[in-house]
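Engineer: So I've got this file, start_16.txt, and it contains compact mmCIF, C-alpha atoms:
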```
# COMPACT_ATOMS: atom_id res chain seq x y z
CA MET P 1240 10.64 0.44 -23.05
CA ASN P 1241 12.12 -2.88 -21.98
CA PRO P 1242 10.35 -4.19 -18.91
CA VAL P 1243 12.59 -3.91 -15.86
CA GLU P 1244 13.61 -6.92 -13.83
CA ILE P 1245 11.21 -7.62 -10.95
CA ILE P 1246 12.67 -9.45 -7.96
CA GLN P 1247 10.29 -11.20 -5.58
CA LEU P 1248 11.94 -10.83 -2.18
CA LYS P 1249 12.01 -13.80 0.16
CA GLU P 1250 11.01 -13.32 3.75
CA THR P 1251 13.95 -13.21 6.12
CA ILE P 1252 14.65 -16.19 8.36
CA LEU P 1253 17.33 -14.49 10.46
CA GLU P 1254 16.08 -13.14 13.75
CA ASP P 1255 18.85 -10.68 14.53
CA ASN P 1256 18.29 -8.01 11.89
CA ASP P 1257 20.46 -5.45 13.69
CA GLY P 1258 23.40 -7.82 13.72
CA ASP P 1259 22.79 -8.78 10.11
CA ALA P 1260 22.62 -5.11 9.10
CA ARG P 1261 26.02 -4.49 10.70
CA VAL P 1262 27.50 -7.40 8.77
CA LEU P 1263 26.04 -6.11 5.50
CA ARG P 1264 27.24 -2.55 6.14
CA GLN P 1265 30.77 -3.77 6.81
CA ALA P 1266 30.74 -5.92 3.65
CA LEU P 1267 29.63 -2.91 1.60
CA ARG P 1268 32.40 -0.82 3.12
CA GLU P 1269 34.99 -3.39 2.08
CA GLU P 1270 33.40 -3.65 -1.33
CA LYS P 1271 33.46 0.22 -1.56
CA THR P 1272 29.77 0.45 -2.37
CA PHE P 1273 27.93 3.41 -0.83
CA TYR P 1274 24.36 2.29 -0.13
CA VAL P 1275 21.70 4.94 0.50
CA ASN P 1276 18.29 4.05 1.95
CA VAL P 1277 15.63 6.64 1.02
CA MET P 1278 12.46 6.57 3.13
CA SER P 1279 9.27 8.66 3.22
CA SER P 1280 5.49 8.62 3.06
CA PRO P 1281 3.91 7.47 -0.20
CA GLY P 1282 4.03 10.20 -2.82
CA SER P 1283 6.49 12.57 -1.20
CA GLY P 1284 8.76 12.49 -4.25
CA LYS P 1285 11.35 9.78 -3.64
CA THR P 1286 11.64 8.76 -7.30
CA SER P 1287 11.91 12.35 -8.58
CA MET P 1288 14.56 13.10 -5.97
CA ILE P 1289 16.51 10.02 -7.03
CA LEU P 1290 16.34 11.06 -10.69
CA GLN P 1291 17.66 14.55 -9.84
CA THR P 1292 20.44 12.96 -7.80
CA ILE P 1293 21.41 10.64 -10.64
CA ALA P 1294 21.59 13.59 -13.06
CA ARG P 1295 24.10 15.35 -10.78
CA LEU P 1296 26.24 12.42 -9.63
CA ARG P 1297 26.38 10.06 -12.62
CA GLU P 1298 29.58 11.69 -13.90
CA PHE P 1299 31.32 10.72 -10.65
CA TYR P 1300 29.85 7.32 -9.82
CA ARG P 1301 28.44 4.16 -11.33
CA ILE P 1302 24.93 4.35 -9.86
CA GLY P 1303 22.25 1.69 -9.48
CA VAL P 1304 18.74 2.01 -8.09
CA MET P 1305 16.54 -0.54 -6.31
CA GLU P 1306 12.85 0.36 -6.19
CA ALA P 1307 10.88 -1.41 -3.44
CA ASP P 1308 7.12 -1.63 -3.70
CA ILE P 1309 4.32 -3.97 -2.81
CA ASP P 1310 3.14 -4.00 -6.40
CA SER P 1311 3.77 -2.40 -9.84
CA ALA P 1312 7.05 -1.49 -11.53
CA VAL P 1313 6.30 2.13 -12.46
CA ASP P 1314 9.16 3.61 -10.42
CA ALA P 1315 11.84 1.24 -11.68
CA GLU P 1316 10.68 1.95 -15.24
CA ARG P 1317 11.03 5.70 -14.66
CA VAL P 1318 14.56 5.27 -13.33
CA ALA P 1319 15.57 2.79 -16.04
CA ALA P 1320 14.49 5.35 -18.65
CA SER P 1321 17.32 7.58 -17.36
CA GLY P 1322 19.79 4.90 -18.49
CA VAL P 1323 20.90 3.85 -15.01
CA PRO P 1324 20.57 0.19 -13.91
CA ALA P 1325 17.31 -0.20 -11.99
CA ILE P 1326 15.48 -3.18 -10.56
CA GLN P 1327 12.09 -3.46 -8.92
CA LEU P 1328 11.87 -5.31 -5.60
CA HIS P 1329 8.48 -6.69 -4.64
CA THR P 1330 8.06 -7.19 -0.91
CA GLY P 1331 5.13 -9.61 -1.08
CA GLY P 1332 2.89 -7.24 0.87
CA MET P 1333 5.51 -6.38 3.46
CA CYS P 1334 5.76 -2.78 4.64
CA HIS P 1335 9.53 -2.46 4.88
CA LEU P 1336 12.91 -3.89 3.87
CA ASP P 1337 15.34 -5.46 6.30
CA ALA P 1338 19.05 -6.16 5.87
CA ASP P 1339 18.61 -9.58 4.26
CA MET P 1340 16.09 -8.23 1.77
CA SER P 1341 18.62 -5.48 0.95
CA ARG P 1342 21.20 -8.19 0.37
CA GLN P 1343 18.92 -10.05 -2.04
CA GLY P 1344 18.49 -6.87 -4.08
CA LEU P 1345 22.18 -5.90 -3.98
CA ARG P 1346 23.10 -9.32 -5.32
CA GLU P 1347 20.65 -8.98 -8.21
CA ILE P 1348 21.79 -5.48 -9.18
CA ASP P 1349 25.44 -6.59 -8.74
CA SER P 1350 26.56 -3.93 -6.28
CA ARG P 1351 30.21 -4.95 -6.70
CA ALA P 1352 30.17 -3.27 -10.12
CA LEU P 1353 28.65 -0.05 -8.72
CA ASP P 1354 29.90 2.83 -6.53
CA LEU P 1355 26.55 4.10 -5.33
CA VAL P 1356 23.35 2.10 -4.85
CA ILE P 1357 20.16 3.94 -3.93
CA LEU P 1358 17.25 2.05 -2.35
CA GLU P 1359 13.80 3.59 -2.60
CA ASN P 1360 12.15 1.91 0.38
CA VAL P 1361 8.40 1.18 0.59
CA GLY P 1362 6.45 4.44 1.07
CA ASN P 1363 5.77 4.37 4.80
CA LEU P 1364 6.87 6.66 7.65
CA VAL P 1365 6.52 3.98 10.31
CA CYS P 1366 7.84 0.49 9.61
CA PRO P 1367 10.94 1.09 7.44
CA ALA P 1368 12.36 3.16 10.32
CA GLU P 1369 12.20 0.10 12.57
CA PHE P 1370 14.38 -2.09 10.37
CA ASP P 1371 18.03 -1.32 9.75
CA ALA P 1372 18.45 -2.05 6.03
CA GLY P 1373 22.24 -2.18 6.36
CA ALA P 1374 22.64 1.10 4.46
CA SER P 1375 25.66 3.38 4.64
CA LEU P 1376 23.26 6.32 4.95
CA ASP P 1377 19.58 6.62 5.91
CA VAL P 1378 17.70 9.56 4.42
CA ALA P 1379 14.11 10.73 4.96
CA ILE P 1380 11.99 12.91 2.73
CA LEU P 1381 9.23 15.06 4.19
CA SER P 1382 7.14 16.84 1.56
CA VAL P 1383 5.47 20.21 2.09
CA PRO P 1384 1.87 19.00 1.45
CA GLU P 1385 2.22 16.47 4.30
CA GLY P 1386 2.54 19.27 6.86
CA ASP P 1387 5.26 20.49 9.19
CA ASP P 1388 4.03 18.39 12.16
CA LYS P 1389 5.09 14.99 10.85
CA PRO P 1390 8.24 14.70 13.02
CA LEU P 1391 5.95 15.02 16.05
CA LYS P 1392 3.82 12.06 14.96
CA TYR P 1393 6.45 9.77 13.45
CA PRO P 1394 9.43 10.19 15.79
CA LEU P 1395 11.57 7.17 14.92
CA MET P 1396 11.92 8.00 11.21
CA PHE P 1397 13.37 11.42 11.95
CA GLN P 1398 15.46 10.10 14.84
CA ARG P 1399 17.37 7.59 12.75
CA CYS P 1400 17.94 9.50 9.51
CA SER P 1401 21.18 11.47 9.13
CA ALA P 1402 19.63 13.74 6.51
CA VAL P 1403 16.10 14.99 5.86
CA LEU P 1404 15.07 16.49 2.53
CA ILE P 1405 12.07 18.82 2.75
CA ASN P 1406 10.66 18.35 -0.74
CA LYS P 1407 8.08 20.18 -2.90
CA ILE P 1408 9.12 23.60 -1.58
CA ASP P 1409 7.84 24.95 -4.92
CA ALA P 1410 4.33 24.18 -3.57
CA MET P 1411 4.92 26.19 -0.39
CA PRO P 1412 2.60 29.08 -1.45
CA VAL P 1413 -0.33 26.64 -1.77
CA PHE P 1414 0.12 24.95 1.61
CA ASP P 1415 0.18 26.09 5.18
CA PHE P 1416 3.71 24.82 5.91
CA ASP P 1417 6.09 26.51 8.32
CA LEU P 1418 9.66 25.66 7.25
CA GLU P 1419 11.23 26.90 10.48
CA LYS P 1420 8.79 24.85 12.55
CA ALA P 1421 9.51 21.76 10.45
CA LYS P 1422 13.25 22.21 11.03
CA GLU P 1423 12.67 22.72 14.75
CA TYR P 1424 10.57 19.51 15.00
CA ILE P 1425 13.15 17.50 13.03
CA HIS P 1426 15.95 18.72 15.28
CA MET P 1427 13.80 17.95 18.33
CA ARG P 1428 13.94 14.30 17.19
CA ASN P 1429 17.52 14.41 15.96
CA PRO P 1430 19.72 17.44 16.69
CA GLN P 1431 22.39 16.17 14.26
CA ALA P 1432 20.06 15.82 11.25
CA VAL P 1433 21.23 17.74 8.19
CA ILE P 1434 18.24 19.37 6.49
CA PHE P 1435 17.91 20.26 2.80
CA PRO P 1436 14.87 22.19 1.54
CA VAL P 1437 14.51 21.07 -2.09
CA SER P 1438 12.19 20.81 -5.04
CA ALA P 1439 12.75 17.62 -7.00
CA LYS P 1440 10.43 19.15 -9.61
CA THR P 1441 12.31 22.41 -10.29
CA GLY P 1442 15.73 21.22 -9.08
CA GLU P 1443 15.96 23.94 -6.41
CA GLY P 1444 18.24 22.94 -3.55
CA MET P 1445 19.32 19.71 -5.26
CA ASP P 1446 22.90 20.94 -5.82
CA ALA P 1447 23.46 21.46 -2.09
CA TRP P 1448 22.01 18.02 -1.30
CA CYS P 1449 24.16 16.30 -3.94
CA ARG P 1450 27.31 18.11 -2.82
CA TRP P 1451 26.75 16.83 0.71
CA LEU P 1452 25.87 13.34 -0.49
CA LYS P 1453 29.05 13.24 -2.59
CA GLU P 1454 31.12 14.14 0.47
CA GLN P 1455 29.54 11.26 2.39
CA ALA P 1456 30.04 8.83 -0.48
CA ASP P 1457 33.66 9.90 -1.05
CA GLY P 1458 34.37 9.45 2.65
CA TRP P 1459 32.95 5.92 2.46
CA ASN P 1460 34.30 4.85 -0.93
CA HIS P 1461 37.67 6.62 -0.71
CA GLY P 1462 37.16 7.87 -4.24
CA GLY P 1463 35.43 4.77 -5.54
CA LYS P 1464 36.63 1.43 -6.81
CA GLN P 1465 39.42 0.65 -9.20
CA ARG P 1466 37.68 0.39 -12.54
CA MET C 448 -7.12 24.59 25.63
CA ASN C 449 -7.63 21.66 27.99
CA PRO C 450 -5.26 18.86 27.19
CA VAL C 451 -7.12 15.94 25.58
CA GLU C 452 -7.12 12.51 27.10
CA ILE C 453 -4.30 10.30 25.84
CA ILE C 454 -4.93 6.56 25.92
CA GLN C 455 -1.93 4.24 25.79
CA LEU C 456 -3.18 1.22 23.84
CA LYS C 457 -2.26 -2.25 25.05
CA GLU C 458 -0.94 -4.76 22.57
CA THR C 459 -3.52 -7.35 21.58
CA ILE C 460 -3.25 -10.88 22.90
CA LEU C 461 -5.96 -12.35 20.68
CA GLU C 462 -4.65 -14.12 17.61
CA ASP C 463 -7.79 -14.17 15.50
CA ASN C 464 -8.20 -10.48 14.66
CA ASP C 465 -10.64 -11.18 11.81
CA GLY C 466 -12.96 -13.07 14.13
CA ASP C 467 -12.62 -10.44 16.82
CA ALA C 468 -13.39 -7.69 14.30
CA ARG C 469 -16.63 -9.48 13.32
CA VAL C 470 -17.64 -9.68 16.98
CA LEU C 471 -16.91 -5.98 17.51
CA ARG C 472 -18.79 -4.98 14.33
CA GLN C 473 -21.85 -6.94 15.44
CA ALA C 474 -21.74 -5.42 18.93
CA LEU C 475 -21.60 -1.93 17.41
CA ARG C 476 -24.56 -2.77 15.19
CA GLU C 477 -26.61 -3.80 18.20
CA GLU C 478 -25.43 -0.72 20.06
CA LYS C 479 -26.39 1.41 17.00
CA THR C 480 -22.98 3.05 16.78
CA PHE C 481 -21.68 3.68 13.27
CA TYR C 482 -17.90 3.34 13.36
CA VAL C 483 -15.86 4.79 10.49
CA ASN C 484 -12.19 3.90 10.01
CA VAL C 485 -10.32 6.59 8.04
CA MET C 486 -6.99 5.53 6.56
CA SER C 487 -4.38 7.24 4.38
CA SER C 488 -0.72 8.22 4.03
CA PRO C 489 0.65 10.68 6.56
CA GLY C 490 -0.42 14.22 5.74
CA SER C 491 -3.13 13.54 3.18
CA GLY C 492 -5.69 15.52 5.18
CA LYS C 493 -7.49 13.03 7.43
CA THR C 494 -7.99 15.49 10.30
CA SER C 495 -9.23 18.32 8.06
CA MET C 496 -11.63 15.93 6.33
CA ILE C 497 -12.96 14.79 9.71
CA LEU C 498 -13.48 18.41 10.81
CA GLN C 499 -15.44 19.17 7.61
CA THR C 500 -17.52 16.04 8.17
CA ILE C 501 -18.27 16.99 11.78
CA ALA C 502 -19.43 20.46 10.66
CA ARG C 503 -21.96 18.89 8.27
CA LEU C 504 -23.22 15.96 10.37
CA ARG C 505 -23.17 17.22 13.95
CA GLU C 506 -26.78 18.38 13.69
CA PHE C 507 -27.85 14.78 12.95
CA TYR C 508 -25.56 12.70 15.15
CA ARG C 509 -23.67 12.70 18.41
CA ILE C 510 -20.14 12.36 17.02
CA GLY C 511 -16.90 11.29 18.69
CA VAL C 512 -13.39 11.10 17.22
CA MET C 513 -10.47 8.83 18.10
CA GLU C 514 -7.11 10.01 16.82
CA ALA C 515 -4.47 7.29 16.55
CA ASP C 516 -0.81 8.24 16.39
CA ILE C 517 2.53 6.94 17.51
CA ASP C 518 3.23 10.18 19.35
CA SER C 519 1.83 13.72 19.95
CA ALA C 520 -1.76 14.84 20.52
CA VAL C 521 -1.96 17.62 17.94
CA ASP C 522 -4.81 16.03 15.96
CA ALA C 523 -7.03 15.28 18.95
CA GLU C 524 -6.50 18.85 20.15
CA ARG C 525 -7.61 20.20 16.74
CA VAL C 526 -10.77 18.06 16.84
CA ALA C 527 -11.53 18.83 20.49
CA ALA C 528 -11.41 22.54 19.64
CA SER C 529 -14.49 21.95 17.45
CA GLY C 530 -16.38 20.96 20.59
CA VAL C 531 -16.76 17.27 19.71
CA PRO C 532 -15.47 14.60 22.12
CA ALA C 533 -12.01 13.54 20.98
CA ILE C 534 -9.39 11.26 22.46
CA GLN C 535 -5.84 10.53 21.40
CA LEU C 536 -4.79 6.88 21.09
CA HIS C 537 -1.08 6.15 21.28
CA THR C 538 -0.11 2.89 19.64
CA GLY C 539 3.24 2.46 21.37
CA GLY C 540 5.11 2.57 18.06
CA MET C 541 2.70 0.25 16.28
CA CYS C 542 1.80 1.04 12.68
CA HIS C 543 -1.90 0.14 12.74
CA LEU C 544 -4.96 -0.51 14.92
CA ASP C 545 -6.62 -3.89 15.19
CA ALA C 546 -10.11 -4.72 16.48
CA ASP C 547 -9.12 -5.03 20.12
CA MET C 548 -7.30 -1.69 20.05
CA SER C 549 -10.47 -0.19 18.52
CA ARG C 550 -12.42 -1.68 21.41
CA GLN C 551 -10.10 -0.09 23.99
CA GLY C 552 -10.65 3.32 22.39
CA LEU C 553 -14.42 2.88 21.98
CA ARG C 554 -14.70 2.04 25.66
CA GLU C 555 -12.77 5.18 26.65
CA ILE C 556 -14.79 7.50 24.42
CA ASP C 557 -18.00 5.73 25.54
CA SER C 558 -19.37 4.80 22.14
CA ARG C 559 -22.72 3.81 23.68
CA ALA C 560 -23.51 7.49 24.12
CA LEU C 561 -22.59 8.32 20.50
CA ASP C 562 -24.17 7.68 17.07
CA LEU C 563 -21.07 8.10 14.95
CA VAL C 564 -17.46 7.42 15.95
CA ILE C 565 -14.69 8.30 13.54
CA LEU C 566 -11.27 6.71 13.90
CA GLU C 567 -8.32 8.45 12.33
CA ASN C 568 -5.97 5.51 11.89
CA VAL C 569 -2.15 5.82 11.91
CA GLY C 570 -0.96 7.52 8.70
CA ASN C 571 0.18 4.54 6.66
CA LEU C 572 -1.02 3.11 3.34
CA VAL C 573 0.23 -0.40 4.08
CA CYS C 574 -0.33 -1.89 7.52
CA PRO C 575 -3.73 -0.50 8.58
CA ALA C 576 -5.22 -2.16 5.49
CA GLU C 577 -4.08 -5.55 6.77
CA PHE C 578 -5.97 -5.33 10.07
CA ASP C 579 -9.75 -5.25 10.22
CA ALA C 580 -10.45 -2.64 12.90
CA GLY C 581 -14.03 -3.84 13.28
CA ALA C 582 -15.40 -0.69 11.64
CA SER C 583 -18.80 -0.35 10.01
CA LEU C 584 -17.11 1.43 7.12
CA ASP C 585 -13.52 1.63 5.89
CA VAL C 586 -12.56 4.79 4.03
CA ALA C 587 -9.29 5.75 2.33
CA ILE C 588 -8.02 9.20 1.45
CA LEU C 589 -5.66 9.70 -1.47
CA SER C 590 -4.36 13.25 -1.78
CA VAL C 591 -3.44 14.92 -5.07
CA PRO C 592 0.22 15.66 -4.17
CA GLU C 593 0.81 11.92 -3.58
CA GLY C 594 0.19 11.14 -7.25
CA ASP C 595 -2.43 9.20 -9.19
CA ASP C 596 -0.39 5.97 -9.22
CA LYS C 597 -0.79 5.07 -5.54
CA PRO C 598 -3.50 2.40 -6.09
CA LEU C 599 -0.98 0.58 -8.29
CA LYS C 600 1.61 0.47 -5.52
CA TYR C 601 -0.61 -0.05 -2.45
CA PRO C 602 -3.29 -2.45 -3.69
CA LEU C 603 -4.79 -3.75 -0.44
CA MET C 604 -5.76 -0.33 0.93
CA PHE C 605 -7.87 0.46 -2.13
CA GLN C 606 -9.21 -3.07 -2.35
CA ARG C 607 -10.74 -3.06 1.10
CA CYS C 608 -12.15 0.47 1.35
CA SER C 609 -15.76 1.07 0.31
CA ALA C 610 -15.11 4.75 -0.34
CA VAL C 611 -12.07 6.72 -1.47
CA LEU C 612 -11.83 10.47 -1.04
CA ILE C 613 -9.44 12.17 -3.45
CA ASN C 614 -8.40 15.13 -1.34
CA LYS C 615 -6.59 18.44 -2.02
CA ILE C 616 -8.20 18.86 -5.45
CA ASP C 617 -7.69 22.61 -4.92
CA ALA C 618 -3.97 21.90 -5.43
CA MET C 619 -4.57 20.13 -8.77
CA PRO C 620 -3.14 23.02 -10.88
CA VAL C 621 0.20 22.72 -9.05
CA PHE C 622 0.58 18.94 -9.43
CA ASP C 623 0.71 16.53 -12.31
CA PHE C 624 -2.31 14.48 -11.19
CA ASP C 625 -4.70 12.80 -13.62
CA LEU C 626 -8.08 12.45 -11.88
CA GLU C 627 -9.47 10.03 -14.47
CA LYS C 628 -6.40 7.83 -14.20
CA ALA C 629 -6.67 7.84 -10.39
CA LYS C 630 -10.30 6.74 -10.62
CA GLU C 631 -9.39 4.04 -13.13
CA TYR C 632 -6.61 2.69 -10.88
CA ILE C 633 -8.88 2.70 -7.81
CA HIS C 634 -11.58 0.81 -9.70
CA MET C 635 -8.96 -1.61 -10.97
CA ARG C 636 -8.41 -2.57 -7.31
CA ASN C 637 -12.05 -2.31 -6.29
CA PRO C 638 -14.77 -1.87 -8.93
CA GLN C 639 -17.36 -1.08 -6.21
CA ALA C 640 -15.42 1.75 -4.58
CA VAL C 641 -17.36 5.02 -4.38
CA ILE C 642 -15.04 7.95 -5.17
CA PHE C 643 -15.39 11.53 -3.95
CA PRO C 644 -13.05 14.26 -5.24
CA VAL C 645 -12.90 16.78 -2.39
CA SER C 646 -10.97 19.63 -0.87
CA ALA C 647 -11.05 19.50 2.89
CA LYS C 648 -9.47 22.96 2.76
CA THR C 649 -12.10 24.76 0.65
CA GLY C 650 -14.98 22.37 1.42
CA GLU C 651 -15.48 21.51 -2.26
CA GLY C 652 -17.11 18.09 -2.69
CA MET C 653 -17.65 17.62 1.05
CA ASP C 654 -21.44 17.89 0.78
CA ALA C 655 -21.65 14.92 -1.61
CA TRP C 656 -19.38 12.85 0.64
CA CYS C 657 -21.38 13.70 3.77
CA ARG C 658 -24.70 12.95 2.05
CA TRP C 659 -23.42 9.51 1.12
CA LEU C 660 -21.91 8.93 4.57
CA LYS C 661 -25.22 9.89 6.20
CA GLU C 662 -27.05 7.33 4.04
CA GLN C 663 -24.62 4.65 5.19
CA ALA C 664 -24.92 5.68 8.83
CA ASP C 665 -28.73 5.87 8.71
CA GLY C 666 -28.86 2.42 7.17
CA TRP C 667 -26.71 1.09 10.02
CA ASN C 668 -28.18 3.07 12.91
CA HIS C 669 -31.81 3.02 11.74
CA GLY C 670 -32.01 6.71 12.53
CA GLY C 671 -29.83 6.60 15.61
CA LYS C 672 -30.38 5.68 19.21
CA GLN C 673 -33.22 6.63 21.49
CA ARG C 674 -31.89 9.65 23.31
```
Rewrite the structure of this file - the entire thing - as structure tokens.
Structural biologist:
Amino acid sequence: MNPVEIIQLKETILEDNDGDARVLRQALREEKTFYVNVMSSPGSGKTSMILQTIARLREFYRIGVMEADIDSAVDAERVAASGVPAIQLHTGGMCHLDADMSRQGLREIDSRALDLVILENVGNLVCPAEFDAGASLDVAILSVPEGDDKPLKYPLMFQRCSAVLINKIDAMPVFDFDLEKAKEYIHMRNPQAVIFPVSAKTGEGMDAWCRWLKEQADGWNHGGKQR
Amino acid sequence: MNPVEIIQLKETILEDNDGDARVLRQALREEKTFYVNVMSSPGSGKTSMILQTIARLREFYRIGVMEADIDSAVDAERVAASGVPAIQLHTGGMCHLDADMSRQGLREIDSRALDLVILENVGNLVCPAEFDAGASLDVAILSVPEGDDKPLKYPLMFQRCSAVLINKIDAMPVFDFDLEKAKEYIHMRNPQAVIFPVSAKTGEGMDAWCRWLKEQADGWNHGGKQR
């Protein structure tokens, strides 16, 4: 396998990240690039979910993936193996991405030539929620082995995400996870959150998620760019 | 159940956390309190592991537990139900504890009257590793559903912990987790790390972990305080 490109992100100098994120979001809207920021704990299945999403949406969109990690390039290599452009962003130890770091990645992956760019943020339920990455859509994954009480402990993540995927539902028989309670806790933080129980391993529930995602992307892109 | 005490931590003013952590560690040594800092991703089983540890070591030590979270008191309530003193620390949105925040908690739980204090740090594989909490021992938990590649992506956590518990080994048949690879990756980050495969659910492996922990605590406490 060809080694994927690894981008060393520079620390942001701008102080007003919220303002910068708004500028980036507007630029992406004009460019007709739908930019999805995927956040979760380490190991809750972000990469597998992205691969399932690519398989279902690649016939409609030109997709690119940015994998953010403190070290290693294992995720970007997995995505690149699917044939979709993928780059690895190294945060230099930092626990999150902000809008300017998004911009550095989007430039490298050349978002202007893509319809849909997916960012796999650093695995962390706390810090990425505090920094608007300038995305068109913020999505959280909560996996069954983590437990149904996570929205109680990590409020901001569930507050700011428009959609929450409850992943690894195939492992439900092995874990003491109450799906209805999880939904209730998520809606306690964010009554508008759209919730998708899925298994990125078996593919269960992924069609419903991708249908919804496509609606959001079409609304943003107005059917994509002129090719 | 009586509601547990919730302590709102104050943000630290001190700039030299490393120096402050050394001071705290030395004070705890003189006080003969063994202070264990447990770190991991959200939902990897910190609370269950602590409950299993309490069950095995409560005959030897007076144990107290500090549960750190951004919100909720569910973990402290679980621990308090075991009959051991437990307090809930709220970090005010912060993603980690530093030495001075440790000190605030230790004062509230009255560490001088205890032999062993366990801190359950905020669930986060990134930030808590960057802040020396002044503990006698730093421990990480990596759970099977998170995947064996986590030491590649989150180097500092595995570098600085003396022991790593690989938890949820009862779920191994359901997940694609290579135990030997996980050990190899942990040792790549820290050749001295002592590794314990455990299940905090079934209790498997917990005896070996608690035997080792008791050795560390006895070495520190010299058999505990005069009661």
Engineer: Could you list, as a list in words, every residue within 10 Å of Ala1368 in chain P, counting all atoms listed in the file and ignoring same-chain residues fewer than 3 positions away?
Structural biologist: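 Contacts, with the query itself left out: Met1278, Ser1279, His1335, Leu1336, Asp1337, Asn1363, Leu1364, Val1365, Asp1371, Ala1372, Asp1377, Ala1379, Tyr1393, Pro1394, Leu1395, Met1396, Phe1397, Gln1398, Arg1399 and Cys1400 of chain P.
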Engineer: Rank nothing, just name the residue among P:Gln1265, P:Ser1280, P:Thr1286, P:Ser1382 nearest to Gly1362 in chain P, using only C-alpha atoms.
Structural biologist: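 Ranked by minimum distance to Gly1362 in chain P, first place goes to P:Ser1280.
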Engineer: Might you pull out every residue within 10 Å of Asp1349 in chain P, with all atoms listed in the file counted and same-chain residues fewer than 5 positions away left off, and present them as JSON, numbers by chain?
Structural biologist: {"P": [1303, 1324, 1343, 1344, 1356]}
Engineer: Smallest atom-to-atom distance to Ile1309 in chain P: which of C:Arg505, C:Lys493, C:Lys597, C:Arg476, using all atoms listed in the file?
Structural biologist: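 Looking only at the distances to Ile1309 in chain P, the closest residue turns out to be C:Lys597.
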Engineer: Using all atoms listed in the file, which residues of chain C come within 6 Å of chain P, and what is the closest atom pair for each, with the distance in Å to one decimal? Give it as a Markdown table, sorted by chain and residue number.
Structural biologist:
```
| residue | atom | partner | partner_atom | distance |
| --- | --- | --- | --- | --- |
| C:Gly490 | CA | P:Glu1385 | CA | 3.8 |
| C:Ile517 | CA | P:Lys1392 | CA | 5.9 |
| C:Asp518 | CA | P:Lys1392 | CA | 4.8 |
| C:Ser519 | CA | P:Lys1392 | CA | 5.6 |
| C:Asn571 | CA | P:Asn1363 | CA | 5.9 |
| C:Glu593 | CA | P:Gly1282 | CA | 3.7 |
| C:Gly594 | CA | P:Gly1282 | CA | 5.9 |
| C:Leu599 | CA | P:Ser1311 | CA | 5.8 |
| C:Lys600 | CA | P:Asp1310 | CA | 4.8 |
```
Engineer: At most 12 Å is the cut-off: for each residue in range 502-573 of chain C with any atom that close to an atom of range 651-659 of chain C, write down the nearest atom pair and the distance in Å rounded to one decimal, counting only C-alpha atoms, chain first then increasing number, as JSON lines.
Structural biologist:
```
{"residue": "C:Ala502", "atom": "CA", "partner": "C:Cys657", "partner_atom": "CA", "distance": 9.8}
{"residue": "C:Arg503", "atom": "CA", "partner": "C:Cys657", "partner_atom": "CA", "distance": 6.9}
{"residue": "C:Leu504", "atom": "CA", "partner": "C:Cys657", "partner_atom": "CA", "distance": 7.2}
{"residue": "C:Arg505", "atom": "CA", "partner": "C:Cys657", "partner_atom": "CA", "distance": 10.9}
{"residue": "C:Phe507", "atom": "CA", "partner": "C:Cys657", "partner_atom": "CA", "distance": 11.3}
```
Engineer: Please dump the current selection as an mmCIF file, in the coordinates of the input; keep C-alpha atoms.
Structural biologist:
```
data_model
loop_
_atom_site.group_PDB
_atom_site.id
_atom_site.type_symbol
_atom_site.label_atom_id
_atom_site.label_comp_id
_atom_site.auth_asym_id
_atom_site.auth_seq_id
_atom_site.Cartn_x
_atom_site.Cartn_y
_atom_site.Cartn_z
ATOM 1 C CA ALA C 502 -19.430 20.460 10.660
ATOM 2 C CA ARG C 503 -21.960 18.890 8.270
ATOM 3 C CA LEU C 504 -23.220 15.960 10.370
ATOM 4 C CA ARG C 505 -23.170 17.220 13.950
ATOM 5 C CA PHE C 507 -27.850 14.780 12.950
#
```
Engineer: Given all atoms listed in the file as the basis, pick out the residue of P:Leu1263, P:Leu1376, P:Val1304, P:Val1433 nearest to Gln1455 in chain P.
Structural biologist: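 Closest to Gln1455 in chain P of all the choices is P:Leu1376.
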Engineer: To one decimal place, how far is CA of Ser549 in chain C from CA of Gly581 in chain C in Å?
Structural biologist: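 Separation of CA of Ser549 in chain C and CA of Gly581 in chain C: 7.3 Å.
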Engineer: May I ask for the distance between CA of Ile588 in chain C and CA of Ile510 in chain C, given in Å to one decimal place?
Structural biologist: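 Straight-line distance from CA of Ile588 in chain C to CA of Ile510 in chain C works out to 20.0 Å.
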Engineer: When you draw a straight line from CA of Asp1259 in chain P to CA of Leu1404 in chain P, how long is it in Å?
Structural biologist: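 It comes out at 27.5 Å.
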Engineer: Measuring atom to atom with all atoms listed in the file, identify which of P:Pro1430, P:Gly1442, P:Pro1242, P:Pro1436 is nearest to Ala1315 in chain P.
Structural biologist: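 Smallest separation from Ala1315 in chain P among the options: P:Pro1242.
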Engineer: Find, counting all atoms listed in the file, the residue in P:Asn1360, P:Val1262, P:Arg1351, P:Ala1432 that gets nearest to Leu1328 in chain P.
Structural biologist: P:Asn1360
Engineer: Closest to Gly1258 in chain P among P:Met1288, P:Phe1370, P:Glu1270, P:Asn1276, using only C-alpha atoms?
Structural biologist: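 So, comparing all the options, the nearest one is P:Phe1370.
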Engineer: Please work out which residues fall within 9 Å of (-22.8, 8.7, 19.2), coordinates as given in the file, with only C-alpha atoms counting, and return them as an MDAnalysis selection string.
Structural biologist: chainID C and resid 479:481 508:511 557:564 671:672
Engineer: Please determine the residues with any atom at most 9 Å from (14.0, 21.2, 9.7) (coordinates as given in the file, with all atoms listed in the file counting) and report them as a ChimeraX atom specification.
Structural biologist: /P:1387,1403-1405,1418-1426,1432-1436
